[in-house]
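Peer 1: I'm passing along data.cif; it holds mmCIF, C-alpha atoms (C1' of nucleotides).
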data_run
loop_
_atom_site.label_atom_id
_atom_site.label_comp_id
_atom_site.auth_asym_id
_atom_site.auth_seq_id
_atom_site.Cartn_x
_atom_site.Cartn_y
_atom_site.Cartn_z
CA MET A 1 17.50 84.77 27.37
CA PRO A 2 14.49 82.94 25.99
CA ILE A 3 11.44 84.99 25.15
CA SER A 4 9.08 82.24 26.23
CA PHE A 5 9.28 78.72 27.57
CA HIS A 6 9.67 75.86 25.13
CA GLY A 7 9.54 72.47 26.79
CA THR A 8 8.02 69.15 25.98
CA LYS A 9 4.29 68.88 25.54
CA THR A 10 3.99 67.29 28.96
CA GLU A 11 5.89 70.16 30.55
CA THR A 12 4.00 72.99 28.87
CA GLU A 13 0.71 71.26 29.66
CA ALA A 14 1.50 70.97 33.36
CA LEU A 15 2.72 74.57 33.59
CA GLY A 16 -0.26 75.85 31.63
CA THR A 17 -2.75 73.94 33.73
CA TYR A 18 -1.16 75.28 36.89
CA VAL A 19 -1.43 78.87 35.70
CA LYS A 20 -5.09 78.43 34.81
CA LEU A 21 -5.76 76.81 38.17
CA VAL A 22 -4.15 79.63 40.11
CA ARG A 23 -5.82 82.37 38.07
CA ALA A 24 -9.25 80.82 38.39
CA THR A 25 -8.81 80.47 42.15
CA GLU A 26 -7.58 84.01 42.64
CA THR A 27 -10.23 85.52 40.41
CA ILE A 28 -13.19 83.74 41.97
CA THR A 29 -11.84 84.37 45.46
CA ALA A 30 -11.57 88.08 44.72
CA VAL A 31 -15.07 88.28 43.26
CA THR A 32 -16.82 86.23 45.93
CA HIS A 33 -15.12 87.97 48.84
CA ARG A 34 -15.35 91.55 47.64
CA HIS A 35 -18.44 92.18 49.76
CA LEU A 36 -16.36 91.62 52.90
CA ALA A 37 -14.76 95.04 52.53
CA ARG A 38 -18.06 96.66 53.48
CA VAL A 39 -17.96 95.01 56.90
CA LYS A 40 -14.17 95.43 57.20
CA LEU A 41 -13.40 91.74 57.23
CA THR A 42 -10.42 90.12 55.53
CA VAL A 43 -10.71 86.77 53.79
CA SER A 44 -8.84 85.13 56.67
CA GLN A 45 -11.02 86.70 59.32
CA PHE A 46 -14.11 85.57 57.44
CA GLY A 47 -12.62 82.08 57.23
CA VAL A 48 -12.21 81.88 60.99
CA LEU A 49 -15.70 83.21 61.70
CA GLU A 50 -17.20 80.80 59.17
CA THR A 51 -15.36 77.84 60.69
CA LEU A 52 -16.65 78.65 64.17
CA TYR A 53 -20.13 79.33 62.81
CA HIS A 54 -20.47 76.01 61.03
CA LEU A 55 -18.45 73.72 63.24
CA GLY A 56 -18.87 75.31 66.66
CA PRO A 57 -16.24 76.38 69.22
CA MET A 58 -12.79 74.85 68.80
CA CYS A 59 -9.17 75.48 69.68
CA GLN A 60 -6.86 77.61 67.56
CA ALA A 61 -4.71 74.75 66.31
CA GLU A 62 -7.79 73.09 64.86
CA VAL A 63 -8.91 76.32 63.21
CA ALA A 64 -5.42 76.53 61.72
CA ARG A 65 -5.63 72.99 60.34
CA LYS A 66 -9.06 73.54 58.83
CA ASN A 67 -7.91 76.74 57.14
CA LEU A 68 -4.52 75.39 56.03
CA LYS A 69 -2.70 78.06 57.99
CA SER A 70 -0.03 78.09 60.70
CA THR A 71 -0.97 78.49 64.35
CA ALA A 72 1.13 81.66 64.46
CA ASN A 73 -1.03 83.12 61.76
CA ILE A 74 -4.25 82.20 63.53
CA THR A 75 -2.97 83.91 66.66
CA THR A 76 -2.69 87.15 64.70
CA VAL A 77 -6.03 86.83 62.94
CA VAL A 78 -7.80 85.98 66.21
CA ASP A 79 -6.09 88.96 67.88
CA ASN A 80 -7.73 91.23 65.35
CA LEU A 81 -11.12 89.52 65.63
CA GLU A 82 -10.91 89.71 69.42
CA LYS A 83 -10.11 93.45 69.33
CA ARG A 84 -13.38 93.94 67.48
CA GLY A 85 -15.23 91.76 69.95
CA LEU A 86 -16.25 89.18 67.34
CA VAL A 87 -14.66 86.15 69.02
CA GLU A 88 -13.74 85.23 72.56
CA ARG A 89 -10.78 83.21 73.87
CA ILE A 90 -11.59 80.82 76.68
CA ARG A 91 -8.79 78.85 78.31
CA SER A 92 -9.73 75.19 78.64
CA PHE A 93 -10.05 73.77 82.15
CA GLU A 94 -9.29 70.15 81.27
CA ASP A 95 -6.13 70.92 79.35
CA ARG A 96 -4.71 74.35 79.99
CA ARG A 97 -2.64 74.32 76.81
CA TYR A 98 -5.82 74.77 74.79
CA ILE A 99 -7.75 77.96 74.16
CA THR A 100 -11.26 77.44 72.86
CA LEU A 101 -12.53 80.06 70.47
CA HIS A 102 -16.18 81.12 70.64
CA LEU A 103 -18.20 83.50 68.54
CA THR A 104 -19.53 86.39 70.59
CA ASP A 105 -23.08 87.61 70.06
CA ALA A 106 -21.69 90.34 67.84
CA GLY A 107 -19.66 87.79 65.89
CA LEU A 108 -22.65 85.53 65.42
CA SER A 109 -24.83 88.44 64.30
CA LEU A 110 -22.21 89.51 61.79
CA ILE A 111 -21.64 86.11 60.21
CA GLU A 112 -25.36 85.44 60.11
CA ALA A 113 -25.88 88.76 58.38
CA ILE A 114 -23.31 88.23 55.64
CA PHE A 115 -23.28 84.49 55.04
CA PRO A 116 -26.38 84.34 52.83
CA ALA A 117 -24.92 86.98 50.51
CA HIS A 118 -21.69 85.06 50.48
CA VAL A 119 -23.43 81.86 49.37
CA GLU A 120 -25.31 83.79 46.73
CA ARG A 121 -22.10 85.21 45.32
CA MET A 122 -20.50 81.79 45.29
CA VAL A 123 -23.45 80.31 43.39
CA LYS A 124 -23.38 83.17 40.93
CA GLY A 125 -19.61 82.87 40.52
CA PHE A 126 -19.88 79.21 39.60
CA SER A 127 -23.00 79.62 37.49
CA VAL A 128 -20.97 79.67 34.30
CA LEU A 129 -20.37 75.96 34.89
CA THR A 130 -23.17 73.39 34.72
CA ALA A 131 -23.78 71.17 37.73
CA GLU A 132 -21.99 68.38 35.90
CA GLU A 133 -19.00 70.60 35.13
CA GLN A 134 -18.80 71.73 38.75
CA ARG A 135 -18.78 68.12 39.86
CA GLN A 136 -16.05 67.35 37.33
CA LEU A 137 -13.97 70.31 38.45
CA GLY A 138 -14.38 69.33 42.09
CA ASP A 139 -13.38 65.74 41.37
CA LEU A 140 -10.28 66.75 39.43
CA CYS A 141 -9.25 69.19 42.15
CA LYS A 142 -9.80 66.59 44.84
CA LYS A 143 -7.76 64.03 42.94
CA LEU A 144 -5.00 66.58 42.37
CA GLY A 145 -4.96 67.86 45.93
CA MET A 146 -5.10 64.44 47.55
CA SER A 147 -2.22 63.07 45.51
CA GLN A 148 0.37 65.54 46.76
CA GLN A 149 2.36 63.90 49.51
CA ALA A 150 3.05 66.45 52.19
CA MET B 151 -25.89 78.13 65.95
CA PRO B 152 -25.94 75.55 63.16
CA ILE B 153 -23.35 72.78 63.32
CA SER B 154 -22.91 72.70 59.56
CA PHE B 155 -24.28 74.44 56.51
CA HIS B 156 -27.53 73.16 55.03
CA GLY B 157 -28.46 74.90 51.82
CA THR B 158 -29.93 73.88 48.52
CA LYS B 159 -28.07 71.38 46.38
CA THR B 160 -26.90 74.19 44.12
CA GLU B 161 -25.51 76.11 47.07
CA THR B 162 -23.67 73.23 48.70
CA GLU B 163 -22.27 72.21 45.31
CA ALA B 164 -20.85 75.67 44.64
CA LEU B 165 -19.38 75.99 48.13
CA GLY B 166 -17.92 72.49 48.00
CA THR B 167 -16.38 73.02 44.58
CA TYR B 168 -14.82 76.26 45.77
CA VAL B 169 -13.22 74.58 48.78
CA LYS B 170 -11.78 71.80 46.63
CA LEU B 171 -10.46 74.36 44.15
CA VAL B 172 -8.72 76.39 46.83
CA ARG B 173 -7.27 73.36 48.59
CA ALA B 174 -5.92 71.87 45.38
CA THR B 175 -4.31 75.17 44.44
CA GLU B 176 -2.73 75.72 47.83
CA THR B 177 -1.49 72.16 48.09
CA ILE B 178 0.11 71.98 44.67
CA THR B 179 1.59 75.45 45.08
CA ALA B 180 3.19 74.43 48.36
CA VAL B 181 4.60 71.21 46.94
CA THR B 182 5.92 72.66 43.69
CA HIS B 183 7.51 75.69 45.30
CA ARG B 184 9.09 74.02 48.31
CA HIS B 185 12.46 73.84 46.59
CA LEU B 186 12.62 77.65 46.54
CA ALA B 187 13.45 77.71 50.25
CA ARG B 188 16.89 76.32 49.47
CA VAL B 189 17.74 79.39 47.39
CA LYS B 190 15.88 81.74 49.75
CA LEU B 191 13.26 82.81 47.24
CA THR B 192 9.60 83.41 48.03
CA VAL B 193 6.87 82.40 45.62
CA SER B 194 6.36 86.06 44.68
CA GLN B 195 10.03 86.67 44.08
CA PHE B 196 10.18 83.57 41.92
CA GLY B 197 7.15 84.81 40.00
CA VAL B 198 8.83 88.11 39.18
CA LEU B 199 12.07 86.45 38.12
CA GLU B 200 10.20 83.94 35.97
CA THR B 201 8.19 86.70 34.28
CA LEU B 202 11.33 88.62 33.36
CA TYR B 203 13.07 85.42 32.29
CA HIS B 204 10.36 84.32 29.90
CA LEU B 205 9.02 87.63 28.68
CA GLY B 206 12.06 89.88 28.88
CA PRO B 207 12.52 93.27 30.58
CA MET B 208 9.33 95.17 31.39
CA CYS B 209 8.03 97.85 33.70
CA GLN B 210 6.73 97.13 37.21
CA ALA B 211 3.10 97.85 36.41
CA GLU B 212 3.17 95.19 33.72
CA VAL B 213 4.81 92.68 36.05
CA ALA B 214 2.04 93.48 38.53
CA ARG B 215 -0.66 92.82 35.94
CA LYS B 216 0.88 89.54 34.81
CA ASN B 217 1.15 88.34 38.40
CA LEU B 218 -2.28 89.61 39.49
CA LYS B 219 -0.73 91.80 42.15
CA SER B 220 -0.81 95.51 43.03
CA THR B 221 1.99 97.82 41.97
CA ALA B 222 2.61 98.60 45.64
CA ASN B 223 3.29 94.95 46.23
CA ILE B 224 5.65 94.66 43.28
CA THR B 225 7.59 97.63 44.61
CA THR B 226 8.25 95.69 47.81
CA VAL B 227 9.10 92.41 46.10
CA VAL B 228 11.45 94.16 43.66
CA ASP B 229 13.09 96.00 46.57
CA ASN B 230 14.01 92.66 48.08
CA LEU B 231 15.20 91.22 44.77
CA GLU B 232 17.26 94.33 44.12
CA LYS B 233 18.90 94.12 47.56
CA ARG B 234 20.16 90.68 46.56
CA GLY B 235 21.34 91.95 43.18
CA LEU B 236 19.01 89.70 41.20
CA VAL B 237 17.20 92.44 39.28
CA GLU B 238 18.05 95.98 38.19
CA ARG B 239 15.80 99.04 37.94
CA ILE B 240 16.44 101.22 34.90
CA ARG B 241 14.49 104.45 34.50
CA SER B 242 13.11 104.83 31.00
CA PHE B 243 14.43 107.68 28.85
CA GLU B 244 11.36 108.06 26.65
CA ASP B 245 8.89 108.19 29.52
CA ARG B 246 10.43 108.91 32.87
CA ARG B 247 7.42 107.55 34.77
CA TYR B 248 8.45 104.02 33.79
CA ILE B 249 11.11 101.88 35.38
CA THR B 250 12.17 98.90 33.32
CA LEU B 251 13.15 95.81 35.28
CA HIS B 252 16.03 93.68 34.04
CA LEU B 253 17.48 90.45 35.31
CA THR B 254 21.11 90.87 36.37
CA ASP B 255 23.65 88.19 35.47
CA ALA B 256 23.19 86.78 38.95
CA GLY B 257 19.42 86.79 38.54
CA LEU B 258 19.65 85.06 35.18
CA SER B 259 22.04 82.45 36.54
CA LEU B 260 19.74 81.76 39.46
CA ILE B 261 16.53 81.36 37.47
CA GLU B 262 18.33 79.24 34.88
CA ALA B 263 19.64 77.03 37.64
CA ILE B 264 16.30 76.40 39.33
CA PHE B 265 13.76 76.52 36.53
CA PRO B 266 14.33 72.98 35.22
CA ALA B 267 13.75 71.55 38.69
CA HIS B 268 10.64 73.70 38.95
CA VAL B 269 9.23 72.29 35.72
CA GLU B 270 10.04 68.79 36.86
CA ARG B 271 8.17 69.30 40.12
CA MET B 272 5.20 70.72 38.26
CA VAL B 273 5.08 67.73 35.91
CA LYS B 274 5.35 65.36 38.85
CA GLY B 275 2.70 67.23 40.78
CA PHE B 276 0.21 66.94 37.94
CA SER B 277 1.18 63.37 37.03
CA VAL B 278 -1.78 61.98 38.98
CA LEU B 279 -3.96 63.40 36.21
CA THR B 280 -3.86 62.07 32.66
CA ALA B 281 -3.13 64.46 29.82
CA GLU B 282 -6.83 64.49 29.02
CA GLU B 283 -7.77 65.24 32.63
CA GLN B 284 -5.24 68.07 32.77
CA ARG B 285 -6.74 69.54 29.63
CA GLN B 286 -10.21 69.21 31.14
CA LEU B 287 -9.12 70.85 34.37
CA GLY B 288 -7.44 73.66 32.48
CA ASP B 289 -10.51 74.26 30.34
CA LEU B 290 -12.86 74.34 33.32
CA CYS B 291 -10.57 76.73 35.19
CA LYS B 292 -10.26 78.96 32.17
CA LYS B 293 -14.01 79.04 31.71
CA LEU B 294 -14.51 79.78 35.38
CA GLY B 295 -11.82 82.46 35.57
CA MET B 296 -12.81 84.21 32.37
CA SER B 297 -16.47 84.47 33.34
CA GLN B 298 -15.94 86.56 36.46
CA GLN B 299 -16.58 90.16 35.62
CA ALA B 300 -14.04 92.32 37.35
"C1'" DT C 301 -0.12 127.95 27.22
"C1'" DA C 302 -2.41 126.78 31.38
"C1'" DG C 303 -4.85 123.39 33.58
"C1'" DT C 304 -6.74 118.93 34.15
"C1'" DA C 305 -6.73 114.08 33.67
"C1'" DA C 306 -4.22 109.82 33.50
"C1'" DT C 307 -0.44 106.71 34.52
"C1'" DA C 308 3.93 104.83 37.05
"C1'" DA C 309 6.09 104.25 41.15
"C1'" DT C 310 6.40 104.97 45.96
"C1'" DT C 311 4.99 105.62 50.77
"C1'" DT C 312 2.01 104.82 54.68
"C1'" DG C 313 -0.49 102.07 57.70
"C1'" DA C 314 -2.68 98.06 58.35
"C1'" DT C 315 -3.25 92.86 58.12
"C1'" DA C 316 -1.49 88.42 56.69
"C1'" DT C 317 1.81 84.84 56.56
"C1'" DC C 318 5.73 82.00 57.30
"C1'" DT C 319 9.73 79.77 60.06
"C1'" DA C 320 12.05 79.35 64.17
"C1'" DA C 321 12.36 79.88 68.97
"C1'" DT C 322 10.09 80.01 73.46
"C1'" DG C 323 7.04 79.09 77.45
"C1'" DA C 324 3.43 76.45 79.40
"C1'" DT C 325 1.30 72.25 79.95
"C1'" DT C 326 0.35 67.41 79.40
"C1'" DC C 327 1.52 62.64 78.49
"C1'" DG C 328 4.16 58.55 78.33
"C1'" DA C 329 7.95 55.52 79.49
"C1'" DC C 330 10.89 53.89 82.71
"C1'" DG D 331 7.23 59.90 90.57
"C1'" DT D 332 10.43 62.08 87.35
"C1'" DC D 333 12.34 63.22 82.93
"C1'" DG D 334 11.85 63.75 78.08
"C1'" DA D 335 8.80 64.02 74.09
"C1'" DA D 336 4.83 66.11 72.22
"C1'" DT D 337 1.35 69.75 71.76
"C1'" DC D 338 -0.78 74.53 72.16
"C1'" DA D 339 -0.20 79.22 72.00
"C1'" DT D 340 2.67 83.14 71.58
"C1'" DT D 341 6.56 86.01 70.21
"C1'" DA D 342 10.18 87.64 67.04
"C1'" DG D 343 11.67 88.84 62.67
"C1'" DA D 344 11.05 88.73 58.05
"C1'" DT D 345 8.29 89.18 53.59
"C1'" DA D 346 3.87 89.78 51.34
"C1'" DT D 347 -0.25 92.21 50.39
"C1'" DC D 348 -3.71 95.64 49.98
"C1'" DA D 349 -6.11 100.41 49.77
"C1'" DA D 350 -5.40 105.05 49.87
"C1'" DA D 351 -2.60 109.01 49.54
"C1'" DT D 352 1.43 111.17 47.33
"C1'" DT D 353 4.87 112.45 43.89
"C1'" DA D 354 6.56 112.71 39.31
"C1'" DT D 355 5.70 112.70 34.71
"C1'" DT D 356 3.11 112.73 30.48
"C1'" DA D 357 -0.98 113.57 27.65
"C1'" DC D 358 -5.00 115.90 26.50
"C1'" DT D 359 -7.86 119.93 26.13
"C1'" DA D 360 -9.66 124.33 26.07
#
Kindly return the structure encoded in the file as structure tokens.
Peer 2:
Amino acid sequence: MPISFHGTKTETEALGTYVKLVRATETITAVTHRHLARVKLTVSQFGVLETLYHLGPMCQAEVARKNLKSTANITTVVDNLEKRGLVERIRSFEDRRYITLHLTDAGLSLIEAIFPAHVERMVKGFSVLTAEEQRQLGDLCKKLGMSQQA
Amino acid sequence: MPISFHGTKTETEALGTYVKLVRATETITAVTHRHLARVKLTVSQFGVLETLYHLGPMCQAEVARKNLKSTANITTVVDNLEKRGLVERIRSFEDRRYITLHLTDAGLSLIEAIFPAHVERMVKGFSVLTAEEQRQLGDLCKKLGMSQQA
DNA sequence: TAGTAATAATTTGATATCTAATGATTCGAC
DNA sequence: GTCGAATCATTAGATATCAAATTATTACTA
């Protein structure tokens, strides 16, 4: 059994880059979302609230697409948000297959209360990179992400 | 309720970079790990097998650290790998708190069989970026990841 | 030596997440 | 107009994931 991987330069580069990408993502996600524990929100729940906050009411399938999750998953996350009275499900009249999600007053208050701190943490998290480096990183990520055929 | 976020340039840059980072990571992870479904392995299970394959037998806490997961989580993942006879738990003699994880013959055969295809997919996934761009991306991610104080 | 602190693994209870199957509804083609 | 394809949401069953509590063991300390 090999003690470590020895491939071509191309192979070790790709694997190494992937590891760095994943670690950076997980680390910054952990740091920037840690404050959510105080208000008992998970990252996914925050994602749903944020989507509704910034883009307005929409159906669950669209929330799923915007968050890169399955509709089954969104059903569960919305269940938990609904239990806490943070979102409301409203069956659409025009097309009864759709359920439109709305923030309740409590949900709006909550996201409004925590979003500024969230932005601040994000800015601080990325502050190690210059504006130019952030742009570079974003461009490389966009290029990488876009190129993967689903 | 605002329709979309309007912050300072610094704020929108940080938020935008974060979204691109997360999307790139999730997309390339999905594409490069899709082949695991054929051998009924999850990404986490593959991660544990790969760690043991490349670094040799080690205790669960160390596997947890290397995979950025909790020890509780590794317990579950190892339970499922053990059920399939892919890894073996061996209680340490010197310090009975430790359990050393070993790949079984079946586990070794499996990881040896799929790892080349995994590397190939990783190379292909990153092939949209030049070697220089991959190095750049890796450096930026490393800088970003390292700077976050736990 | 007794007692306390630290570490490894597990358990518990909760949420997340997927695929696949299902039910409800709408739409399109014929 | 009716039937079949497509879409939305949910359910079922499985694995993942965490924090917190627990157990077992070791190490340190007075």
Peer 1: Evaluate the PyMOL selection byres ((chain B) within 10 of (chain C)) on the structure here and hand back the selected residues as a list of chain:residue names.
Peer 2: B:Cys209, B:Gln210, B:Ala211, B:Thr221, B:Ala222, B:Ile224, B:Thr225, B:Thr226, B:Asp245, B:Arg246, B:Arg247, B:Tyr248, B:Ile249
Peer 1: Please check which residues have atoms at most 9 Å from (-14.5, 80.6, 34.5) in the file's coordinates, counting all atoms listed in the file, and write them as a list of chain:residue names.
Peer 2: A:Ala24, A:Thr27, A:Ile28, A:Gly125, A:Phe126, A:Val128, A:Leu129, B:Asp289, B:Leu290, B:Cys291, B:Lys292, B:Lys293, B:Leu294, B:Gly295, B:Met296, B:Ser297, B:Gln298
Peer 1: Using all atoms listed in the file, which chain B residues lie at most 6 Å away from chain A, written as a list in words?
Peer 2: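 My answer is Pro152, Ile153, Ser154, Glu161, Ala164, Thr167, Lys170, Leu171, Ala174, Thr177, His204, Leu205, Val273, Gly288, Cys291, Lys292 and Gly295 of chain B.
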Peer 1: Expressed in Å to a single decimal, how great is the separation between CA of Gln195 (chain B) and C1' of DC348 (chain D)?
Peer 2: 17.4 Å
Peer 1: With a cut-off of 7 Å, could you pull out the residues of chain D touching chain B and give me the nearest pair of atoms for each, distance in Å to one decimal, using all atoms listed in the file, ordered by chain and ascending number, as JSON lines?
Peer 2:
{"residue": "D:DT347", "atom": "C1'", "partner": "B:Asn223", "partner_atom": "CA", "distance": 6.1}
{"residue": "D:DA354", "atom": "C1'", "partner": "B:Arg247", "partner_atom": "CA", "distance": 6.9}
{"residue": "D:DT355", "atom": "C1'", "partner": "B:Arg247", "partner_atom": "CA", "distance": 5.4}
Peer 1: Please, can I see chain B fitted onto chain A by all in-order Cα atoms (least squares), as a CSV table (one decimal) with C-alpha atoms, in the coordinates of the input?
Peer 2:
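Just written: superposed31.csv:
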chain,number,residue,atom,x,y,z
B,151,MET,CA,17.7,84.7,27.5
B,152,PRO,CA,14.7,82.8,26.1
B,153,ILE,CA,11.7,84.9,25.2
B,154,SER,CA,9.3,82.2,26.3
B,155,PHE,CA,9.4,78.6,27.7
B,156,HIS,CA,9.8,75.8,25.2
B,157,GLY,CA,9.6,72.4,26.9
B,158,THR,CA,8.1,69.1,26.1
B,159,LYS,CA,4.3,68.8,25.6
B,160,THR,CA,4.0,67.3,29.0
B,161,GLU,CA,5.9,70.1,30.6
B,162,THR,CA,4.0,73.0,28.9
B,163,GLU,CA,0.7,71.2,29.7
B,164,ALA,CA,1.5,71.0,33.4
B,165,LEU,CA,2.7,74.6,33.6
B,166,GLY,CA,-0.3,75.9,31.7
B,167,THR,CA,-2.8,73.9,33.8
B,168,TYR,CA,-1.2,75.3,36.9
B,169,VAL,CA,-1.4,78.9,35.7
B,170,LYS,CA,-5.1,78.4,34.8
B,171,LEU,CA,-5.8,76.8,38.2
B,172,VAL,CA,-4.2,79.7,40.1
B,173,ARG,CA,-5.8,82.4,38.1
B,174,ALA,CA,-9.3,80.8,38.4
B,175,THR,CA,-8.9,80.5,42.1
B,176,GLU,CA,-7.6,84.0,42.6
B,177,THR,CA,-10.3,85.5,40.4
B,178,ILE,CA,-13.2,83.8,42.0
B,179,THR,CA,-11.9,84.4,45.4
B,180,ALA,CA,-11.6,88.1,44.7
B,181,VAL,CA,-15.1,88.3,43.3
B,182,THR,CA,-16.9,86.2,45.9
B,183,HIS,CA,-15.2,88.0,48.8
B,184,ARG,CA,-15.4,91.6,47.6
B,185,HIS,CA,-18.5,92.2,49.8
B,186,LEU,CA,-16.4,91.6,52.9
B,187,ALA,CA,-14.8,95.1,52.5
B,188,ARG,CA,-18.1,96.7,53.5
B,189,VAL,CA,-18.0,95.0,56.9
B,190,LYS,CA,-14.2,95.4,57.2
B,191,LEU,CA,-13.4,91.7,57.2
B,192,THR,CA,-10.5,90.1,55.5
B,193,VAL,CA,-10.7,86.8,53.8
B,194,SER,CA,-8.8,85.2,56.7
B,195,GLN,CA,-11.0,86.7,59.3
B,196,PHE,CA,-14.1,85.6,57.4
B,197,GLY,CA,-12.6,82.1,57.2
B,198,VAL,CA,-12.2,81.9,61.0
B,199,LEU,CA,-15.7,83.2,61.7
B,200,GLU,CA,-17.2,80.8,59.1
B,201,THR,CA,-15.3,77.8,60.7
B,202,LEU,CA,-16.6,78.6,64.1
B,203,TYR,CA,-20.1,79.3,62.8
B,204,HIS,CA,-20.4,76.0,61.0
B,205,LEU,CA,-18.4,73.7,63.2
B,206,GLY,CA,-18.8,75.2,66.6
B,207,PRO,CA,-16.2,76.3,69.2
B,208,MET,CA,-12.7,74.8,68.8
B,209,CYS,CA,-9.1,75.5,69.6
B,210,GLN,CA,-6.8,77.6,67.5
B,211,ALA,CA,-4.7,74.8,66.3
B,212,GLU,CA,-7.7,73.1,64.8
B,213,VAL,CA,-8.9,76.3,63.2
B,214,ALA,CA,-5.4,76.5,61.7
B,215,ARG,CA,-5.6,73.0,60.3
B,216,LYS,CA,-9.0,73.5,58.8
B,217,ASN,CA,-7.9,76.7,57.1
B,218,LEU,CA,-4.5,75.4,56.0
B,219,LYS,CA,-2.7,78.1,58.0
B,220,SER,CA,0.0,78.2,60.7
B,221,THR,CA,-0.9,78.6,64.3
B,222,ALA,CA,1.2,81.7,64.4
B,223,ASN,CA,-1.0,83.2,61.7
B,224,ILE,CA,-4.2,82.2,63.5
B,225,THR,CA,-2.9,84.0,66.6
B,226,THR,CA,-2.7,87.2,64.7
B,227,VAL,CA,-6.0,86.9,62.9
B,228,VAL,CA,-7.8,86.0,66.2
B,229,ASP,CA,-6.1,89.0,67.9
B,230,ASN,CA,-7.7,91.3,65.3
B,231,LEU,CA,-11.1,89.5,65.6
B,232,GLU,CA,-10.9,89.7,69.4
B,233,LYS,CA,-10.1,93.4,69.3
B,234,ARG,CA,-13.4,93.9,67.5
B,235,GLY,CA,-15.3,91.7,70.0
B,236,LEU,CA,-16.3,89.1,67.3
B,237,VAL,CA,-14.7,86.1,69.0
B,238,GLU,CA,-13.7,85.2,72.6
B,239,ARG,CA,-10.7,83.2,73.8
B,240,ILE,CA,-11.6,80.8,76.7
B,241,ARG,CA,-8.7,78.8,78.3
B,242,SER,CA,-9.6,75.2,78.7
B,243,PHE,CA,-10.0,73.8,82.2
B,244,GLU,CA,-9.1,70.2,81.3
B,245,ASP,CA,-6.0,71.0,79.4
B,246,ARG,CA,-4.6,74.4,80.0
B,247,ARG,CA,-2.6,74.4,76.8
B,248,TYR,CA,-5.8,74.8,74.8
B,249,ILE,CA,-7.7,78.0,74.2
B,250,THR,CA,-11.2,77.4,72.8
B,251,LEU,CA,-12.5,80.0,70.4
B,252,HIS,CA,-16.1,81.1,70.6
B,253,LEU,CA,-18.2,83.4,68.5
B,254,THR,CA,-19.5,86.3,70.6
B,255,ASP,CA,-23.1,87.5,70.1
B,256,ALA,CA,-21.7,90.2,67.8
B,257,GLY,CA,-19.7,87.7,65.9
B,258,LEU,CA,-22.7,85.5,65.4
B,259,SER,CA,-24.8,88.3,64.3
B,260,LEU,CA,-22.2,89.4,61.8
B,261,ILE,CA,-21.7,86.1,60.2
B,262,GLU,CA,-25.4,85.4,60.1
B,263,ALA,CA,-25.9,88.7,58.4
B,264,ILE,CA,-23.3,88.2,55.7
B,265,PHE,CA,-23.3,84.5,55.0
B,266,PRO,CA,-26.4,84.3,52.8
B,267,ALA,CA,-25.0,87.0,50.5
B,268,HIS,CA,-21.7,85.0,50.5
B,269,VAL,CA,-23.5,81.9,49.3
B,270,GLU,CA,-25.3,83.8,46.7
B,271,ARG,CA,-22.1,85.2,45.3
B,272,MET,CA,-20.6,81.8,45.3
B,273,VAL,CA,-23.5,80.3,43.4
B,274,LYS,CA,-23.4,83.2,40.9
B,275,GLY,CA,-19.7,82.9,40.5
B,276,PHE,CA,-19.9,79.3,39.6
B,277,SER,CA,-23.1,79.7,37.5
B,278,VAL,CA,-21.0,79.7,34.3
B,279,LEU,CA,-20.4,76.0,34.9
B,280,THR,CA,-23.2,73.5,34.7
B,281,ALA,CA,-23.8,71.2,37.7
B,282,GLU,CA,-22.0,68.4,35.9
B,283,GLU,CA,-19.0,70.7,35.1
B,284,GLN,CA,-18.8,71.8,38.7
B,285,ARG,CA,-18.8,68.2,39.8
B,286,GLN,CA,-16.1,67.4,37.3
B,287,LEU,CA,-14.0,70.4,38.4
B,288,GLY,CA,-14.5,69.4,42.1
B,289,ASP,CA,-13.5,65.8,41.4
B,290,LEU,CA,-10.3,66.8,39.4
B,291,CYS,CA,-9.3,69.2,42.2
B,292,LYS,CA,-9.9,66.6,44.8
B,293,LYS,CA,-7.8,64.1,43.0
B,294,LEU,CA,-5.1,66.6,42.4
B,295,GLY,CA,-5.0,67.9,46.0
B,296,MET,CA,-5.2,64.5,47.6
B,297,SER,CA,-2.3,63.1,45.6
B,298,GLN,CA,0.3,65.6,46.8
B,299,GLN,CA,2.3,63.9,49.5
B,300,ALA,CA,3.0,66.4,52.2
Peer 1: At what distance in Å, to one decimal, does CA of Gly85 (chain A) lie from CA of Gly107 (chain A)?
Peer 2: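 Straight-line distance from CA of Gly107 (chain A) to CA of Gly85 (chain A) works out to 7.2 Å.
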Peer 1: Hey, can I get the axis-aligned box for region 7-23 of chain A? All listed atoms, 8 Å padding on each side, centre and edge lengths in Å to one decimal, as lines of an AutoDock Vina configuration file.
Peer 2:
center_x = 1.9
center_y = 74.8
center_z = 32.8
size_x = 31.4
size_y = 31.1
size_z = 30.6
Peer 1: Quick one, how far is CA of Asp229 (chain B) from CA of Leu191 (chain B)?
Peer 2: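 Between CA of Asp229 (chain B) and CA of Leu191 (chain B) the gap is 13.2 Å.
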